[in-house]
Amino acid sequence: MPVFIDPSEAKSVTAQALENAGVTPANAKSVANALIQAEIDGQSGHGLARLAAYIEQVKCGKVVGDATPKVDTPKPAVCHINAELGFAFPAMDKLVSLLPAMAKAQGIALATVNRSHHFGQAGFHAERIAKQGCIALVFSNSPSAIAPWGGKKALFGTNPIAFACPRDGAPPMVIDMSLSKVARGKVLVARKNGETIPEGWAIDANGEPTIDPDAAVKGSMLPIGDAKGAALALMVEVLSASLTSALYGFEASNFFDTDGEPPAIGHSVIGIDTTVSGTQFAERLELLLNTMCEQEGVRLPGQRRIIRRERVLKEGLHLTEATMKELKELADLSNNQ
């Protein structure tokens with residue numbers, strides 16, 4: 001049976017579990033906000049399924065729970081943030097607070113993050129920038145999960161990308177995708193729930209198709225668009241790791257266990273002022289989107305997310321009994337240690 005909880009209560013319980021494990025209140029609040037927003041948006045692979053691993057990684061030092069991101073602005077249109085091996089979300093919060101003003105002042109701006117960790121929904125960060133009046137392009141690498149096209153051994157991460165742009169009188173349009181055919185988090189959720197995965201999601205260590213999530217984790221996720229998707233994953237490694245001096249996917253440790261050193265991956269975000277080349281952006285955008293929607297069966301990217309948010313406002317956040325039980329146990333367990 002589903003369990004309904006007020007999102008603010010879910011954030012509070014999640015933050016408390018993190019605090020009790022040694023995360024500072026500010027960082028715990030930042031992480032909890034991102035995890036619960038992922039649950040609200042229907043992206044459970046970036047939500048509470050991550051909490052237990054986060055807590056264990058704080059306890060063993062793989063994530064620095066009291067890290068304070070360090071900001072450097074070497075050029076007027078460039079900002080670099082060192083996450084200091086802590087959670088990605090405090091660093092991304094800082095980025096979101098700085099980048100739009102830089103973009104509006106310069107026309108376009110770049111913000112990079114290194115020594116970071118899993119940053120959740122790429123669209124979560126892009127949308128917050130778009131709400132401040134800028135177009136956002138977001139990139140992140142992640143631990144190896146996709147083989148180069150023609151290969152068998154995972155080398156690139158699933159390397160999410162997101163795009164968001166502001167709209168007049170409507171929420172920003174958000175495009176958010178992993179460069180694997182599905183986010184790796186969905187495979188891990190299936191493994192946790194004892195379920196198989198659809199054929200076409202992954203290959204095993206021998207390069208053979210698999211529906212076994214364990215074999216998929218040991219093998220490779222398949223990229224969207226086959227060779228084109230693998231090329232995009234390479235592009236994101238360059239933007240997120242080469243450009244930021246972060247670790248590549250094949251160098252980074254797993255987001256989900258306590259083995260190894262901190263993953264220390266990277267992110268890059270580009271912000272663009274919508275008035276940089278004229279004042280007709282909003283009008284032209286709406287023409288494009290309205291023309292799309294004139295066709296039967298067409299919906300804009302991100303519409304399901306908006307519908308889910310409206311439902312959560314009315315009904316509360318829907319969690320499974322197992323997720324709610326684990327959340328409370330984690331908070332109690334953390335409190336007793």
# chains A, B, ... in the order shown; residues from 1 in each chain; ligands from 1

$ residues_around --residues "A:Ala38" --least-positions-apart "3" --cutoff "9 Å" --atoms "only C-alpha atoms" --output "PyMOL selection string"
chain A and resi 33-35+41-48+120-121+124

$ write_last_selection --atoms "C-alpha atoms" --output "mmCIF file, in the first residue's frame"
data_model
loop_
_atom_site.group_PDB
_atom_site.id
_atom_site.type_symbol
_atom_site.label_atom_id
_atom_site.label_comp_id
_atom_site.auth_asym_id
_atom_site.auth_seq_id
_atom_site.Cartn_x
_atom_site.Cartn_y
_atom_site.Cartn_z
ATOM 1 C CA ASN A 33 15.933 19.021 -0.620
ATOM 2 C CA ALA A 34 17.415 17.443 -3.751
ATOM 3 C CA LEU A 35 16.500 13.860 -2.802
ATOM 4 C CA ASP A 41 9.386 14.496 -9.764
ATOM 5 C CA GLY A 42 9.131 10.715 -10.128
ATOM 6 C CA GLN A 43 12.891 10.186 -10.339
ATOM 7 C CA SER A 44 13.254 7.727 -7.459
ATOM 8 C CA GLY A 45 16.616 6.532 -8.762
ATOM 9 C CA HIS A 46 17.954 9.962 -7.723
ATOM 10 C CA GLY A 47 15.865 10.069 -4.554
ATOM 11 C CA LEU A 48 15.667 8.238 -1.260
ATOM 12 C CA GLY A 120 21.091 13.903 -8.797
ATOM 13 C CA GLN A 121 18.687 15.201 -11.414
ATOM 14 C CA PHE A 124 16.844 20.111 -11.055
#

$ select_by_dssp --residues "stretch 25-155 of chain A" --states "helix (DSSP H, G or I)" --output "ChimeraX atom specification"
/A:25-40,44-46,48-60,88-106,122-130

$ closest_residue --among "A:Asp204, A:Asp93, A:Glu237, A:Asp176" --to "A:Gly157" --atoms "only C-alpha atoms"
A:Glu237

$ select_by_dssp --residues "stretch 168-328 of chain A" --states "strand (DSSP E)" --output "list in words"
Ala170, Pro171, Pro172, Met173, Val174, Ile175, Asp176, Met177, Ala202, Ile203, Pro209, Thr210, Ser220, Met221, Ile265, Gly266, His267, Ser268, Val269, Ile270, Gly271, Ile272, Asp273, Leu317, His318 and Leu319 of chain A

$ closest_residue --among "A:Ser142, A:Thr68, A:Gln57, A:Thr274" --to "A:Glu251" --atoms "only C-alpha atoms"
A:Ser142

$ atom_distance --atom1 "atom CA of A:Leu239" --atom2 "atom CA of A:Gly260"
24.2 Å

$ residues_around --residues "stretch 304-318 of chain A" --least-positions-apart "4" --cutoff "10 Å" --atoms "only C-alpha atoms" --output "VMD selection string"
chain A and resid 1 to 10 36 to 43 171 174 299 to 300 323 to 324

$ write_last_selection --atoms "N, CA, C and O atoms" --output "mmCIF file, in the first residue's frame"
data_model
loop_
_atom_site.group_PDB
_atom_site.id
_atom_site.type_symbol
_atom_site.label_atom_id
_atom_site.label_comp_id
_atom_site.auth_asym_id
_atom_site.auth_seq_id
_atom_site.Cartn_x
_atom_site.Cartn_y
_atom_site.Cartn_z
ATOM 1 N N MET A 1 0.833 -1.199 0.000
ATOM 2 C CA MET A 1 0.000 0.000 0.000
ATOM 3 C C MET A 1 0.876 1.261 0.000
ATOM 4 O O MET A 1 1.885 1.309 0.693
ATOM 5 N N PRO A 2 0.490 2.266 -0.764
ATOM 6 C CA PRO A 2 1.280 3.504 -0.765
ATOM 7 C C PRO A 2 1.137 4.246 0.555
ATOM 8 O O PRO A 2 0.124 4.153 1.244
ATOM 9 N N VAL A 3 2.164 4.977 0.905
ATOM 10 C CA VAL A 3 2.174 5.807 2.100
ATOM 11 C C VAL A 3 2.326 7.250 1.637
ATOM 12 O O VAL A 3 3.161 7.550 0.777
ATOM 13 N N PHE A 4 1.516 8.140 2.190
ATOM 14 C CA PHE A 4 1.594 9.549 1.813
ATOM 15 C C PHE A 4 2.198 10.350 2.958
ATOM 16 O O PHE A 4 1.828 10.156 4.121
ATOM 17 N N ILE A 5 3.120 11.231 2.611
ATOM 18 C CA ILE A 5 3.798 12.053 3.601
ATOM 19 C C ILE A 5 3.949 13.457 3.041
ATOM 20 O O ILE A 5 4.136 13.641 1.825
ATOM 21 N N ASP A 6 3.842 14.452 3.897
ATOM 22 C CA ASP A 6 4.059 15.819 3.454
ATOM 23 C C ASP A 6 5.522 15.977 3.040
ATOM 24 O O ASP A 6 6.426 15.536 3.760
ATOM 25 N N PRO A 7 5.802 16.571 1.873
ATOM 26 C CA PRO A 7 7.190 16.706 1.423
ATOM 27 C C PRO A 7 8.096 17.403 2.435
ATOM 28 O O PRO A 7 9.263 17.033 2.570
ATOM 29 N N SER A 8 7.569 18.391 3.149
ATOM 30 C CA SER A 8 8.396 19.093 4.138
ATOM 31 C C SER A 8 8.795 18.160 5.272
ATOM 32 O O SER A 8 9.920 18.232 5.786
ATOM 33 N N GLU A 9 7.891 17.258 5.653
ATOM 34 C CA GLU A 9 8.228 16.282 6.695
ATOM 35 C C GLU A 9 9.271 15.295 6.174
ATOM 36 O O GLU A 9 10.215 14.929 6.884
ATOM 37 N N ALA A 10 9.103 14.873 4.925
ATOM 38 C CA ALA A 10 10.073 13.952 4.340
ATOM 39 C C ALA A 10 11.461 14.592 4.284
ATOM 40 O O ALA A 10 12.476 13.937 4.573
ATOM 41 N N ILE A 36 14.369 14.684 -2.016
ATOM 42 C CA ILE A 36 12.895 14.686 -1.979
ATOM 43 C C ILE A 36 12.315 15.298 -3.235
ATOM 44 O O ILE A 36 11.268 14.854 -3.726
ATOM 45 N N GLN A 37 12.995 16.287 -3.814
ATOM 46 C CA GLN A 37 12.509 16.822 -5.086
ATOM 47 C C GLN A 37 12.541 15.748 -6.161
ATOM 48 O O GLN A 37 11.645 15.678 -7.019
ATOM 49 N N ALA A 38 13.559 14.902 -6.133
ATOM 50 C CA ALA A 38 13.620 13.798 -7.093
ATOM 51 C C ALA A 38 12.438 12.849 -6.900
ATOM 52 O O ALA A 38 11.845 12.374 -7.874
ATOM 53 N N GLU A 39 12.080 12.576 -5.650
ATOM 54 C CA GLU A 39 10.917 11.731 -5.380
ATOM 55 C C GLU A 39 9.643 12.395 -5.897
ATOM 56 O O GLU A 39 8.798 11.750 -6.532
ATOM 57 N N ILE A 40 9.498 13.681 -5.646
ATOM 58 C CA ILE A 40 8.322 14.419 -6.120
ATOM 59 C C ILE A 40 8.220 14.349 -7.637
ATOM 60 O O ILE A 40 7.130 14.170 -8.205
ATOM 61 N N ASP A 41 9.361 14.452 -8.302
ATOM 62 C CA ASP A 41 9.386 14.496 -9.764
ATOM 63 C C ASP A 41 9.318 13.112 -10.401
ATOM 64 O O ASP A 41 9.370 12.996 -11.632
ATOM 65 N N GLY A 42 9.227 12.065 -9.583
ATOM 66 C CA GLY A 42 9.131 10.715 -10.128
ATOM 67 C C GLY A 42 10.458 10.105 -10.524
ATOM 68 O O GLY A 42 10.497 9.110 -11.243
ATOM 69 N N GLN A 43 11.554 10.686 -10.031
ATOM 70 C CA GLN A 43 12.891 10.186 -10.339
ATOM 71 C C GLN A 43 13.476 9.498 -9.106
ATOM 72 O O GLN A 43 14.455 9.951 -8.509
ATOM 73 N N PRO A 171 5.970 27.362 -16.225
ATOM 74 C CA PRO A 171 7.237 26.854 -15.692
ATOM 75 C C PRO A 171 8.262 26.686 -16.798
ATOM 76 O O PRO A 171 7.900 26.522 -17.976
ATOM 77 N N VAL A 174 12.074 21.970 -19.446
ATOM 78 C CA VAL A 174 13.263 21.259 -18.990
ATOM 79 C C VAL A 174 13.417 19.955 -19.769
ATOM 80 O O VAL A 174 12.468 19.166 -19.871
ATOM 81 N N ARG A 299 3.473 16.351 -26.501
ATOM 82 C CA ARG A 299 3.558 17.053 -25.226
ATOM 83 C C ARG A 299 4.975 17.596 -25.070
ATOM 84 O O ARG A 299 5.923 17.056 -25.655
ATOM 85 N N LEU A 300 5.109 18.645 -24.315
ATOM 86 C CA LEU A 300 6.422 19.238 -24.110
ATOM 87 C C LEU A 300 7.234 18.399 -23.129
ATOM 88 O O LEU A 300 6.672 17.769 -22.217
ATOM 89 N N THR A 323 10.057 2.037 1.263
ATOM 90 C CA THR A 323 10.861 3.264 1.282
ATOM 91 C C THR A 323 10.632 4.034 2.570
ATOM 92 O O THR A 323 11.586 4.521 3.197
ATOM 93 N N MET A 324 9.379 4.140 2.989
ATOM 94 C CA MET A 324 9.079 4.848 4.231
ATOM 95 C C MET A 324 9.703 4.148 5.427
ATOM 96 O O MET A 324 10.277 4.797 6.324
#

$ atom_distance --atom1 "atom CA of A:Arg167" --atom2 "atom CA of A:Ala136"
12.8 Å

$ closest_residue --among "A:Thr158, A:Ser245, A:Ser220, A:Thr275" --to "A:Asn82" --atoms "only C-alpha atoms"
A:Ser245
